[in-house]
file entry30.cif (mmCIF, C-alpha atoms and all ligand atoms)
data_structure
loop_
_atom_site.label_atom_id
_atom_site.label_comp_id
_atom_site.auth_asym_id
_atom_site.auth_seq_id
_atom_site.Cartn_x
_atom_site.Cartn_y
_atom_site.Cartn_z
CA MET A 1 -21.00 11.79 12.00
CA ARG A 2 -17.82 13.65 12.84
CA VAL A 3 -15.05 13.01 10.30
CA ALA A 4 -11.69 13.88 11.75
CA ILE A 5 -8.05 13.95 10.85
CA ASP A 6 -7.16 12.39 14.20
CA GLN A 7 -9.00 9.25 13.10
CA LEU A 8 -6.51 8.50 10.32
CA ALA A 9 -5.85 4.84 10.92
CA GLY A 10 -2.28 4.06 11.85
CA GLN A 11 -0.95 7.47 10.73
CA SER A 12 -0.63 9.30 14.00
CA ALA A 13 2.36 11.46 12.97
CA ALA A 14 0.63 12.76 9.83
CA ALA A 15 -2.64 13.20 11.74
CA GLU A 16 -0.93 15.12 14.50
CA HIS A 17 0.81 17.42 12.05
CA LEU A 18 -2.38 18.18 10.11
CA SER A 19 -4.50 18.65 13.26
CA GLY A 20 -1.90 21.05 14.62
CA ALA A 21 -1.86 23.05 11.40
CA LEU A 22 -5.66 23.23 11.29
CA GLY A 23 -5.80 24.21 14.96
CA ALA A 24 -3.37 27.06 14.36
CA ASP A 25 -5.16 27.98 11.10
CA ARG A 26 -1.88 27.56 9.28
CA LEU A 27 -2.57 24.72 6.87
CA HIS A 28 -0.14 24.89 3.94
CA HIS A 29 -2.00 25.47 0.67
CA ALA A 30 -0.03 22.76 -1.17
CA LEU A 31 0.51 19.42 0.54
CA LEU A 32 2.25 16.30 -0.67
CA PHE A 33 1.17 13.11 1.10
CA ALA A 34 4.13 10.80 0.50
CA GLY A 35 4.36 7.14 1.45
CA PRO A 36 3.90 3.55 0.24
CA ASP A 37 0.81 2.41 -1.68
CA GLY A 38 -2.22 1.47 0.38
CA VAL A 39 -1.28 3.21 3.64
CA GLY A 40 -4.18 5.67 3.49
CA LYS A 41 -2.84 8.76 1.69
CA PHE A 42 -5.85 9.20 -0.61
CA HIS A 43 -8.29 8.52 2.21
CA ALA A 44 -6.50 11.15 4.30
CA ALA A 45 -6.70 13.62 1.40
CA ARG A 46 -10.47 13.13 1.21
CA VAL A 47 -10.88 13.52 4.98
CA LEU A 48 -8.85 16.72 4.90
CA ALA A 49 -10.86 18.01 1.92
CA GLN A 50 -14.08 17.43 3.84
CA ARG A 51 -12.67 19.31 6.82
CA ILE A 52 -11.62 22.22 4.58
CA LEU A 53 -15.01 22.41 2.86
CA CYS A 54 -17.24 21.75 5.90
CA GLN A 55 -19.52 24.76 6.44
CA ARG A 56 -19.41 24.43 10.22
CA ALA A 57 -15.63 24.02 10.56
CA PRO A 58 -13.76 24.76 12.68
CA LEU A 59 -15.92 23.07 15.29
CA PRO A 60 -15.48 24.41 18.83
CA LYS A 61 -12.49 22.69 20.48
CA ASP A 62 -12.29 20.27 17.54
CA PRO A 63 -10.36 22.04 14.76
CA GLY A 64 -9.33 18.83 13.00
CA ALA A 65 -12.87 17.63 12.37
CA ALA A 66 -15.65 18.12 9.82
CA CYS A 67 -19.20 17.95 11.19
CA GLY A 68 -20.28 15.25 8.72
CA GLU A 69 -23.82 16.68 8.65
CA CYS A 70 -23.81 19.99 6.78
CA ASN A 71 -24.61 20.27 3.07
CA ALA A 72 -20.95 20.47 2.13
CA CYS A 73 -20.04 17.39 4.16
CA ILE A 74 -22.88 15.39 2.60
CA LYS A 75 -21.80 16.47 -0.90
CA VAL A 76 -18.15 15.58 -0.24
CA ALA A 77 -19.20 12.17 1.08
CA GLY A 78 -21.27 11.65 -2.07
CA SER A 79 -18.39 12.83 -4.31
CA ASN A 80 -20.51 15.60 -5.83
CA HIS A 81 -19.21 18.77 -4.20
CA ALA A 82 -18.65 21.40 -6.89
CA ASP A 83 -15.48 22.68 -5.21
CA LEU A 84 -13.79 19.36 -4.66
CA HIS A 85 -11.85 18.26 -7.72
CA VAL A 86 -10.15 14.89 -7.80
CA LEU A 87 -7.65 13.93 -10.49
CA ASP A 88 -7.55 10.19 -10.50
CA THR A 89 -7.29 7.73 -13.32
CA GLU A 90 -6.73 4.05 -13.94
CA ASP A 91 -4.24 5.00 -16.66
CA ARG A 92 -0.50 4.90 -16.16
CA MET A 93 -0.21 8.60 -17.02
CA LEU A 94 -2.09 11.67 -15.85
CA LYS A 95 -2.49 13.68 -19.02
CA ILE A 96 -1.63 17.36 -19.25
CA ASP A 97 -5.14 18.16 -20.55
CA ALA A 98 -6.70 16.70 -17.42
CA VAL A 99 -4.36 18.80 -15.27
CA ARG A 100 -5.20 21.95 -17.25
CA ASP A 101 -8.95 21.25 -16.97
CA ALA A 102 -8.64 20.81 -13.21
CA ILE A 103 -6.70 24.06 -12.87
CA ALA A 104 -9.31 25.88 -14.98
CA ALA A 105 -12.06 24.52 -12.71
CA LEU A 106 -10.33 26.08 -9.71
CA HIS A 107 -10.85 29.50 -11.30
CA VAL A 108 -14.57 29.02 -11.94
CA ARG A 109 -16.90 30.76 -9.50
CA THR A 110 -19.30 28.33 -7.90
CA VAL A 111 -22.36 28.75 -5.72
CA GLU A 112 -20.47 27.52 -2.68
CA ARG A 113 -18.05 30.49 -2.82
CA GLY A 114 -15.86 29.05 -0.14
CA ALA A 115 -12.62 27.14 -0.33
CA LYS A 116 -11.73 24.83 -3.19
CA VAL A 117 -9.73 21.64 -3.06
CA LEU A 118 -7.86 19.80 -5.80
CA ILE A 119 -6.62 16.30 -4.99
CA ILE A 120 -4.14 14.74 -7.42
CA ARG A 121 -3.85 11.04 -6.72
CA ASP A 122 -0.49 9.41 -7.52
CA ALA A 123 0.82 12.76 -8.72
CA ASP A 124 4.02 11.11 -9.97
CA ARG A 125 1.96 9.88 -12.92
CA MET A 126 2.09 13.41 -14.34
CA ASN A 127 4.80 13.74 -16.98
CA PRO A 128 7.14 16.75 -16.71
CA ASN A 129 4.91 18.87 -18.98
CA ALA A 130 1.86 18.19 -16.86
CA GLN A 131 3.86 18.95 -13.71
CA ASN A 132 5.11 22.20 -15.20
CA ALA A 133 1.51 23.15 -16.02
CA LEU A 134 0.78 22.90 -12.31
CA LEU A 135 3.68 25.05 -11.08
CA LYS A 136 2.00 28.44 -11.19
CA THR A 137 -1.07 27.14 -9.37
CA LEU A 138 1.13 25.55 -6.71
CA GLU A 139 2.85 28.84 -6.22
CA GLU A 140 -0.15 31.14 -6.33
CA PRO A 141 -3.36 29.17 -5.95
CA PRO A 142 -6.54 31.12 -6.76
CA GLY A 143 -8.55 32.26 -3.72
CA HIS A 144 -8.86 29.80 -0.90
CA THR A 145 -7.56 26.85 -2.86
CA HIS A 146 -5.84 23.85 -1.35
CA LEU A 147 -3.90 21.33 -3.40
CA ILE A 148 -3.27 17.88 -2.02
CA LEU A 149 -0.94 15.63 -4.00
CA THR A 150 -0.41 11.99 -3.08
CA SER A 151 2.52 9.88 -4.22
CA SER A 152 4.28 6.63 -3.40
CA ARG A 153 7.24 7.81 -5.50
CA PRO A 154 7.71 11.45 -4.49
CA ARG A 155 11.26 11.45 -5.83
CA SER A 156 9.84 11.02 -9.33
CA LEU A 157 8.27 14.46 -9.06
CA LEU A 158 10.12 17.49 -10.38
CA LEU A 159 12.08 19.27 -7.70
CA THR A 160 10.23 22.45 -8.60
CA VAL A 161 6.93 20.74 -7.71
CA ARG A 162 8.22 19.13 -4.53
CA SER A 163 9.78 22.32 -3.26
CA ARG A 164 6.45 24.15 -3.53
CA CYS A 165 4.64 21.54 -1.45
CA GLN A 166 4.84 20.73 2.20
CA GLU A 167 5.63 17.03 2.38
CA ILE A 168 3.74 14.92 4.93
CA PRO A 169 5.21 11.44 5.33
CA PHE A 170 2.86 8.46 5.59
CA ARG A 171 4.39 5.28 6.97
CA PRO A 172 3.58 1.58 6.71
CA VAL A 173 1.23 0.66 9.53
CA SER A 174 2.46 -1.80 12.18
CA THR A 175 0.95 -5.29 12.22
CA GLN A 176 -0.60 -4.59 15.59
CA GLY A 177 -2.06 -1.27 14.42
CA MET A 178 -3.51 -2.89 11.32
CA THR A 179 -4.93 -5.83 13.25
CA GLU A 180 -6.87 -3.33 15.35
CA ILE A 181 -8.13 -1.53 12.23
CA LEU A 182 -9.33 -4.81 10.69
CA VAL A 183 -11.07 -5.96 13.87
CA ARG A 184 -12.76 -2.56 14.21
CA THR A 185 -13.75 -1.88 10.59
CA LYS A 186 -14.24 -5.35 9.11
CA GLY A 187 -15.27 -7.20 12.25
CA LEU A 188 -12.69 -9.93 11.60
CA PRO A 189 -11.82 -12.32 14.43
CA GLU A 190 -8.47 -11.39 16.01
CA LEU A 191 -6.59 -14.39 14.58
CA GLU A 192 -7.73 -13.76 11.00
CA ALA A 193 -7.16 -10.03 11.34
CA ARG A 194 -3.59 -10.62 12.47
CA LEU A 195 -2.92 -12.91 9.52
CA VAL A 196 -4.35 -10.44 6.97
CA ALA A 197 -2.47 -7.58 8.67
CA ALA A 198 0.82 -9.44 8.52
CA LEU A 199 0.33 -10.49 4.92
CA SER A 200 -0.62 -7.04 3.62
CA GLN A 201 2.74 -5.51 4.50
CA GLY A 202 1.75 -2.33 6.27
CA ALA A 203 -0.94 -1.24 3.83
CA PRO A 204 -4.44 -0.94 5.37
CA GLY A 205 -5.90 -0.09 1.93
CA ARG A 206 -4.78 -3.45 0.64
CA ALA A 207 -5.80 -5.22 3.85
CA LEU A 208 -9.30 -3.80 3.83
CA GLU A 209 -9.88 -4.97 0.26
CA THR A 210 -8.60 -8.45 1.00
CA ASP A 211 -10.80 -11.43 0.23
CA VAL A 212 -9.87 -13.35 3.38
CA PRO A 213 -10.85 -16.91 2.30
CA ALA A 214 -9.01 -16.43 -1.03
CA LEU A 215 -5.95 -15.13 0.80
CA ILE A 216 -5.89 -18.11 3.16
CA GLU A 217 -6.33 -20.51 0.25
CA ALA A 218 -3.40 -18.89 -1.60
CA ARG A 219 -1.28 -19.04 1.56
CA ASN A 220 -2.14 -22.73 1.98
CA GLN A 221 -1.10 -23.38 -1.60
CA VAL A 222 2.37 -21.86 -1.16
CA ALA A 223 2.76 -23.54 2.23
CA ASP A 224 1.98 -26.85 0.52
CA VAL A 225 4.68 -26.20 -2.10
CA ASP A 226 7.18 -25.44 0.65
CA LEU A 227 6.23 -28.63 2.53
CA ARG A 228 6.51 -30.82 -0.58
CA LEU A 229 9.92 -29.53 -1.60
CA GLU A 230 12.11 -30.85 1.17
CA PRO A 231 15.76 -31.48 0.29
CA GLY A 232 16.84 -35.09 0.57
CA PRO A 233 16.59 -38.36 -1.28
CA ALA A 234 12.80 -38.12 -1.53
CA ALA A 235 12.90 -34.78 -3.35
CA SER A 236 12.44 -35.12 -7.05
CA VAL A 237 13.02 -32.87 -9.98
CA ALA A 238 9.62 -33.81 -11.34
CA GLU A 239 7.92 -32.68 -8.13
CA ALA A 240 9.79 -29.36 -8.24
CA LEU A 241 8.72 -28.74 -11.83
CA LYS A 242 5.12 -29.61 -10.94
CA CYS A 243 5.16 -27.08 -8.07
CA ALA A 244 6.55 -24.42 -10.42
CA GLN A 245 3.65 -25.07 -12.80
CA GLN A 246 1.17 -24.58 -9.95
CA LEU A 247 2.75 -21.34 -8.77
CA THR A 248 2.71 -19.85 -12.27
CA ASP A 249 -0.69 -21.13 -13.51
CA ASP A 250 -1.92 -17.54 -13.14
CA ASN A 251 0.92 -15.19 -14.04
CA LYS A 252 -0.80 -12.20 -12.47
CA GLN A 253 -0.85 -13.93 -9.10
CA LEU A 254 2.80 -14.97 -9.08
CA ALA A 255 4.24 -11.93 -7.26
CA ALA A 256 1.49 -12.10 -4.60
CA ARG A 257 2.10 -15.83 -4.11
CA LEU A 258 5.83 -15.25 -3.71
CA ASP A 259 5.05 -12.55 -1.13
CA LEU A 260 2.99 -15.09 0.82
CA LEU A 261 5.81 -17.64 0.58
CA SER A 262 8.20 -15.00 1.84
CA VAL A 263 6.06 -14.37 4.96
CA TRP A 264 5.73 -18.16 5.44
CA LEU A 265 9.51 -18.58 5.38
CA ARG A 266 10.05 -15.50 7.54
CA ASP A 267 7.89 -17.18 10.20
CA GLN A 268 10.20 -20.20 10.09
CA ILE A 269 13.24 -17.94 10.46
CA LEU A 270 11.63 -16.29 13.50
CA LEU A 271 10.76 -19.63 15.08
CA ALA A 272 14.22 -21.07 14.36
CA SER A 273 15.65 -17.98 16.11
CA GLY A 274 13.29 -18.29 19.08
CA ALA A 275 10.95 -15.35 18.31
CA GLN A 276 7.65 -17.20 18.53
CA SER A 277 5.37 -14.30 19.37
CA GLU A 278 6.13 -12.43 16.15
CA ILE A 279 4.88 -14.91 13.55
CA ALA A 280 2.20 -13.98 11.01
CA ASN A 281 0.70 -17.36 10.12
CA THR A 282 -0.50 -18.06 13.66
CA ASP A 283 -3.21 -20.45 12.42
CA ARG A 284 -0.50 -22.78 11.07
CA GLU A 285 1.83 -22.50 14.05
CA PRO A 286 2.23 -26.27 14.71
CA ASP A 287 3.37 -26.86 11.08
CA LEU A 288 5.76 -23.95 11.25
CA VAL A 289 7.26 -25.03 14.57
CA LYS A 290 7.90 -28.50 13.13
CA LEU A 291 9.49 -27.08 9.97
CA ALA A 292 11.72 -24.73 11.95
CA GLU A 293 12.87 -27.59 14.17
CA THR A 294 13.57 -30.12 11.45
CA ARG A 295 15.15 -27.67 9.01
CA GLY A 296 17.11 -25.46 11.38
CA LEU A 297 18.05 -21.83 10.79
CA THR A 298 20.73 -22.46 8.11
CA GLU A 299 18.35 -24.36 5.82
CA VAL A 300 15.49 -21.91 6.36
CA LEU A 301 17.78 -18.98 5.52
CA ARG A 302 19.00 -20.82 2.40
CA ARG A 303 15.39 -21.18 1.24
CA ALA A 304 14.61 -17.53 2.00
CA ARG A 305 17.65 -16.41 -0.01
CA ALA A 306 16.60 -18.47 -3.03
CA LEU A 307 13.15 -16.89 -2.79
CA GLU A 308 14.50 -13.33 -2.55
CA ILE A 309 16.47 -13.80 -5.80
CA THR A 310 13.31 -15.09 -7.46
CA ARG A 311 11.21 -12.18 -6.23
CA ALA A 312 13.81 -9.70 -7.50
CA LEU A 313 13.81 -11.37 -10.93
CA VAL A 314 10.00 -11.47 -11.14
CA ALA A 315 9.84 -7.76 -10.23
CA LEU A 316 12.15 -6.74 -13.08
CA PRO A 317 10.42 -4.74 -15.82
CA GLN A 318 11.95 -6.96 -18.53
CA ASN A 319 9.71 -9.78 -19.65
CA LEU A 320 11.60 -12.74 -18.28
CA ASN A 321 10.17 -16.23 -18.37
CA ASN A 322 8.33 -16.54 -15.06
CA LEU A 323 7.97 -20.32 -15.33
CA LEU A 324 11.71 -20.75 -15.88
CA ILE A 325 12.54 -18.48 -12.94
CA THR A 326 10.05 -20.26 -10.68
CA GLU A 327 11.41 -23.67 -11.73
CA GLN A 328 14.84 -22.55 -10.51
CA LEU A 329 13.30 -21.59 -7.18
CA CYS A 330 11.48 -24.90 -6.75
CA LEU A 331 14.60 -26.87 -7.69
CA ALA A 332 16.57 -24.86 -5.13
CA LEU A 333 13.91 -25.49 -2.45
CA ALA A 334 14.13 -29.21 -3.21
CA GLY A 335 17.92 -29.06 -2.88
CA GLN A 336 18.43 -29.89 -6.54
CA PRO A 337 21.09 -28.19 -8.65
CA SER A 338 19.65 -25.80 -11.26
CA SER A 339 19.18 -27.30 -14.70
CA THR A 340 19.83 -24.05 -16.49
CA GLN A 341 21.50 -20.79 -15.58
CA ILE A 342 19.45 -17.72 -14.81
CA PRO A 343 20.96 -14.66 -16.48
CA ARG A 344 22.98 -12.61 -14.01
CA LEU A 345 20.61 -9.73 -13.41
CA VAL A 346 20.77 -9.34 -9.65
ZN ZN B 401 -19.79 19.79 7.74
#
call {"tool": "encode", "arguments": {"input": "entry30.cif", "output": "structure tokens"}}
result
Amino acid sequence: MRVAIDQLAGQSAAAEHLSGALGADRLHHALLFAGPDGVGKFHAARVLAQRILCQRAPLPKDPGAACGECNACIKVAGSNHADLHVLDTEDRMLKIDAVRDAIAALHVRTVERGAKVLIIRDADRMNPNAQNALLKTLEEPPGHTHLILTSSRPRSLLLTVRSRCQEIPFRPVSTQGMTEILVRTKGLPELEARLVAALSQGAPGRALETDVPALIEARNQVADVDLRLEPGPAASVAEALKCAQQLTDDNKQLAARLDLLSVWLRDQILLASGAQSEIANTDREPDLVKLAETRGLTEVLRRARALEITRALVALPQNLNNLLITEQLCLALAGQPSSTQIPRLV
């Protein structure tokens, strides 16, 4: 099956640029795919690699596509093409030895004798020494070699590396664009697809890996916390502390839960401002309409502000006490004064 650059989901600008370059046979030998995590940079790098290595490319009138059927295409799809090298690791750092080995492999003659491709995923994980080791290859790649670097933090790369690459920006995908991707590729019903799209913040990679029932359960949990913590005489400190316990029972999930709460509150802001069609949690629309009406815009914004401070604190690299921070949030949602002071970090 044809594998083509123009099929890059939600990345029409990048796709157009790359298709144009392939059509004119002027593809830059060193590319930097820059953009947020999960928007499809690595997938795009693999698609481009397949196009570069395809034995039948360029196809007549279809310069951006690989045939998907030749030996090379089959090997790329199976991740066992001798001339496709991928530097990717679960580790926080890409070690200089791995970079040197990959560069050495580019100089080895292989049976394919065609182009070679080196993909470096999250290239900003290379320390300055590893990046320096790459400079000469970026400048003068051996033979028909293409280097494709991906990064969500391109500014962390050395200027000498960046300046030798052509940067291709990848953008967050719109909710509508991602809904279409999810309906098409995962067969999700429209309503569910829209919810997952809205909750995955422009990242199809994240959206496609989403466990939908688990996501909806987590969303329901944070919605329940928001519903229980209503300011007024009924609100209790004990209830707020109980909610904080629930939100932090799995520390690894806290940031994701706060993201879901943020989208839940954003929907209330939209409804309180009259923008009904834009909400993400469409399956809970009646609840949200009621909350927006009874709370009003000022109260909803107050809640959203308290949450933003909490999210900023949780995202800090210092090891702050997540339970303590979340307790402050829940007390604020319940309209209670804080029991202790959070250090002034934001
Ligand atoms: Zn092919």
call {"tool": "residues_around", "arguments": {"input": "entry30.cif", "residues": "Gly202 (chain A)", "least_positions_apart": "5", "cutoff": "9 Å", "atoms": "all atoms listed in the file", "output": "count of residues only"}}
result
11
call {"tool": "residues_near_ligand", "arguments": {"input": "entry30.cif", "ligand": "ligand ZN 401 (chain B)", "cutoff": "7 Å", "atoms": "all atoms listed in the file", "output": "list in words"}}
result
Cys54, Gln55, Arg56, Ala57, Ala66, Cys67, Gly68, Glu69, Cys70, Asn71, Ala72 and Cys73 of chain A
call {"tool": "write_last_selection", "arguments": {"input": "entry30.cif", "atoms": "C-alpha atoms", "output": "mmCIF file, in the coordinates of the input"}}
result
data_model
loop_
_atom_site.group_PDB
_atom_site.id
_atom_site.type_symbol
_atom_site.label_atom_id
_atom_site.label_comp_id
_atom_site.auth_asym_id
_atom_site.auth_seq_id
_atom_site.Cartn_x
_atom_site.Cartn_y
_atom_site.Cartn_z
ATOM 1 C CA CYS A 54 -17.240 21.750 5.900
ATOM 2 C CA GLN A 55 -19.520 24.760 6.440
ATOM 3 C CA ARG A 56 -19.410 24.430 10.220
ATOM 4 C CA ALA A 57 -15.630 24.020 10.560
ATOM 5 C CA ALA A 66 -15.650 18.120 9.820
ATOM 6 C CA CYS A 67 -19.200 17.950 11.190
ATOM 7 C CA GLY A 68 -20.280 15.250 8.720
ATOM 8 C CA GLU A 69 -23.820 16.680 8.650
ATOM 9 C CA CYS A 70 -23.810 19.990 6.780
ATOM 10 C CA ASN A 71 -24.610 20.270 3.070
ATOM 11 C CA ALA A 72 -20.950 20.470 2.130
ATOM 12 C CA CYS A 73 -20.040 17.390 4.160
#
call {"tool": "axis_aligned_box", "arguments": {"input": "entry30.cif", "around": "region 48-66 of chain A", "padding_each_side": "8 Å", "output": "AutoDock Vina command-line options"}}
result
--center_x -14.2 --center_y 20.7 --center_z 11.2 --size_x 26.7 --size_y 24.0 --size_z 34.6
call {"tool": "closest_residue", "arguments": {"input": "entry30.cif", "among": "A:Ser236, A:Thr160, A:Gln166, A:Thr298", "to": "Gly335 (chain A)", "atoms": "only C-alpha atoms"}}
result
A:Ser236
call {"tool": "closest_residue", "arguments": {"input": "entry30.cif", "among": "A:Leu18, A:Ala272, A:Leu260, A:Ala244", "to": "Thr326 (chain A)", "atoms": "all atoms listed in the file"}}
result
A:Ala244
call {"tool": "residues_around", "arguments": {"input": "entry30.cif", "residues": "Ala130 (chain A)", "least_positions_apart": "5", "cutoff": "9 Å", "atoms": "all atoms listed in the file", "output": "PDB file with C-alpha atoms, in the frame of the given file"}}
result
ATOM      1  CA  LEU A  94      -2.090  11.670 -15.850  1.00  0.00           C
ATOM      2  CA  LYS A  95      -2.490  13.680 -19.020  1.00  0.00           C
ATOM      3  CA  ILE A  96      -1.630  17.360 -19.250  1.00  0.00           C
ATOM      4  CA  ASP A  97      -5.140  18.160 -20.550  1.00  0.00           C
ATOM      5  CA  ALA A  98      -6.700  16.700 -17.420  1.00  0.00           C
ATOM      6  CA  VAL A  99      -4.360  18.800 -15.270  1.00  0.00           C
ATOM      7  CA  ARG A 100      -5.200  21.950 -17.250  1.00  0.00           C
TER       8      ARG A 100
END
call {"tool": "residues_around", "arguments": {"input": "entry30.cif", "residues": "Leu270 (chain A)", "least_positions_apart": "5", "cutoff": "12 Å", "atoms": "all atoms listed in the file", "output": "number ranges by chain"}}
result
A: 263-265, 275-281, 285, 288-289, 291-293, 296-297, 300-301, 304
call {"tool": "closest_residue", "arguments": {"input": "entry30.cif", "among": "A:Met126, A:Arg219, A:Gly40, A:Gly187", "to": "Ser12 (chain A)", "atoms": "only C-alpha atoms"}}
result
A:Gly40
call {"tool": "atom_distance", "arguments": {"input": "entry30.cif", "atom1": "CA of Val47 (chain A)", "atom2": "CA of Val183 (chain A)"}}
result
21.4 Å
call {"tool": "closest_residue", "arguments": {"input": "entry30.cif", "among": "A:Asp62, A:Val3, A:Glu16, A:Lys136", "to": "Leu48 (chain A)", "atoms": "all atoms listed in the file"}}
result
A:Val3
call {"tool": "atom_distance", "arguments": {"input": "entry30.cif", "atom1": "CA of Leu323 (chain A)", "atom2": "CA of Asp283 (chain A)"}}
result
29.9 Å
call {"tool": "atom_distance", "arguments": {"input": "entry30.cif", "atom1": "CA of Ile120 (chain A)", "atom2": "CA of His144 (chain A)"}}
result
17.1 Å
call {"tool": "closest_residue", "arguments": {"input": "entry30.cif", "among": "A:Pro58, A:Gly177, A:Gly114, A:Pro128", "to": "Val161 (chain A)", "atoms": "all atoms listed in the file"}}
result
A:Pro128
call {"tool": "closest_residue", "arguments": {"input": "entry30.cif", "among": "A:Lys242, A:Arg311, A:Arg257, A:His146", "to": "Leu32 (chain A)", "atoms": "only C-alpha atoms"}}
result
A:His146
call {"tool": "residues_around", "arguments": {"input": "entry30.cif", "residues": "Ala45 (chain A)", "least_positions_apart": "3", "cutoff": "12 Å", "atoms": "all atoms listed in the file", "output": "JSON, numbers by chain"}}
result
{"A": [4, 5, 8, 14, 15, 18, 30, 31, 32, 33, 34, 39, 40, 41, 42, 48, 49, 50, 51, 52, 76, 84, 85, 86, 87, 117, 118, 119, 120, 121, 122, 146, 147, 148, 149, 150, 151, 168, 170]}
call {"tool": "residues_around", "arguments": {"input": "entry30.cif", "residues": "Leu157 (chain A)", "least_positions_apart": "5", "cutoff": "10 Å", "atoms": "all atoms listed in the file", "output": "compact mmCIF listing (two decimals) with C-alpha atoms, in the frame of the given file"}}
result
# COMPACT_ATOMS: atom_id res chain seq x y z
CA ALA A 123 0.82 12.76 -8.72
CA ASP A 124 4.02 11.11 -9.97
CA ARG A 125 1.96 9.88 -12.92
CA MET A 126 2.09 13.41 -14.34
CA ASN A 127 4.80 13.74 -16.98
CA PRO A 128 7.14 16.75 -16.71
CA GLN A 131 3.86 18.95 -13.71
CA SER A 151 2.52 9.88 -4.22
CA ARG A 162 8.22 19.13 -4.53
CA SER A 163 9.78 22.32 -3.26
call {"tool": "residues_near_point", "arguments": {"input": "entry30.cif", "point": "(10.2, -23.6, 1.2)", "cutoff": "6 Å", "atoms": "all atoms listed in the file", "output": "PyMOL selection string"}}
result
chain A and resi 226+303+333
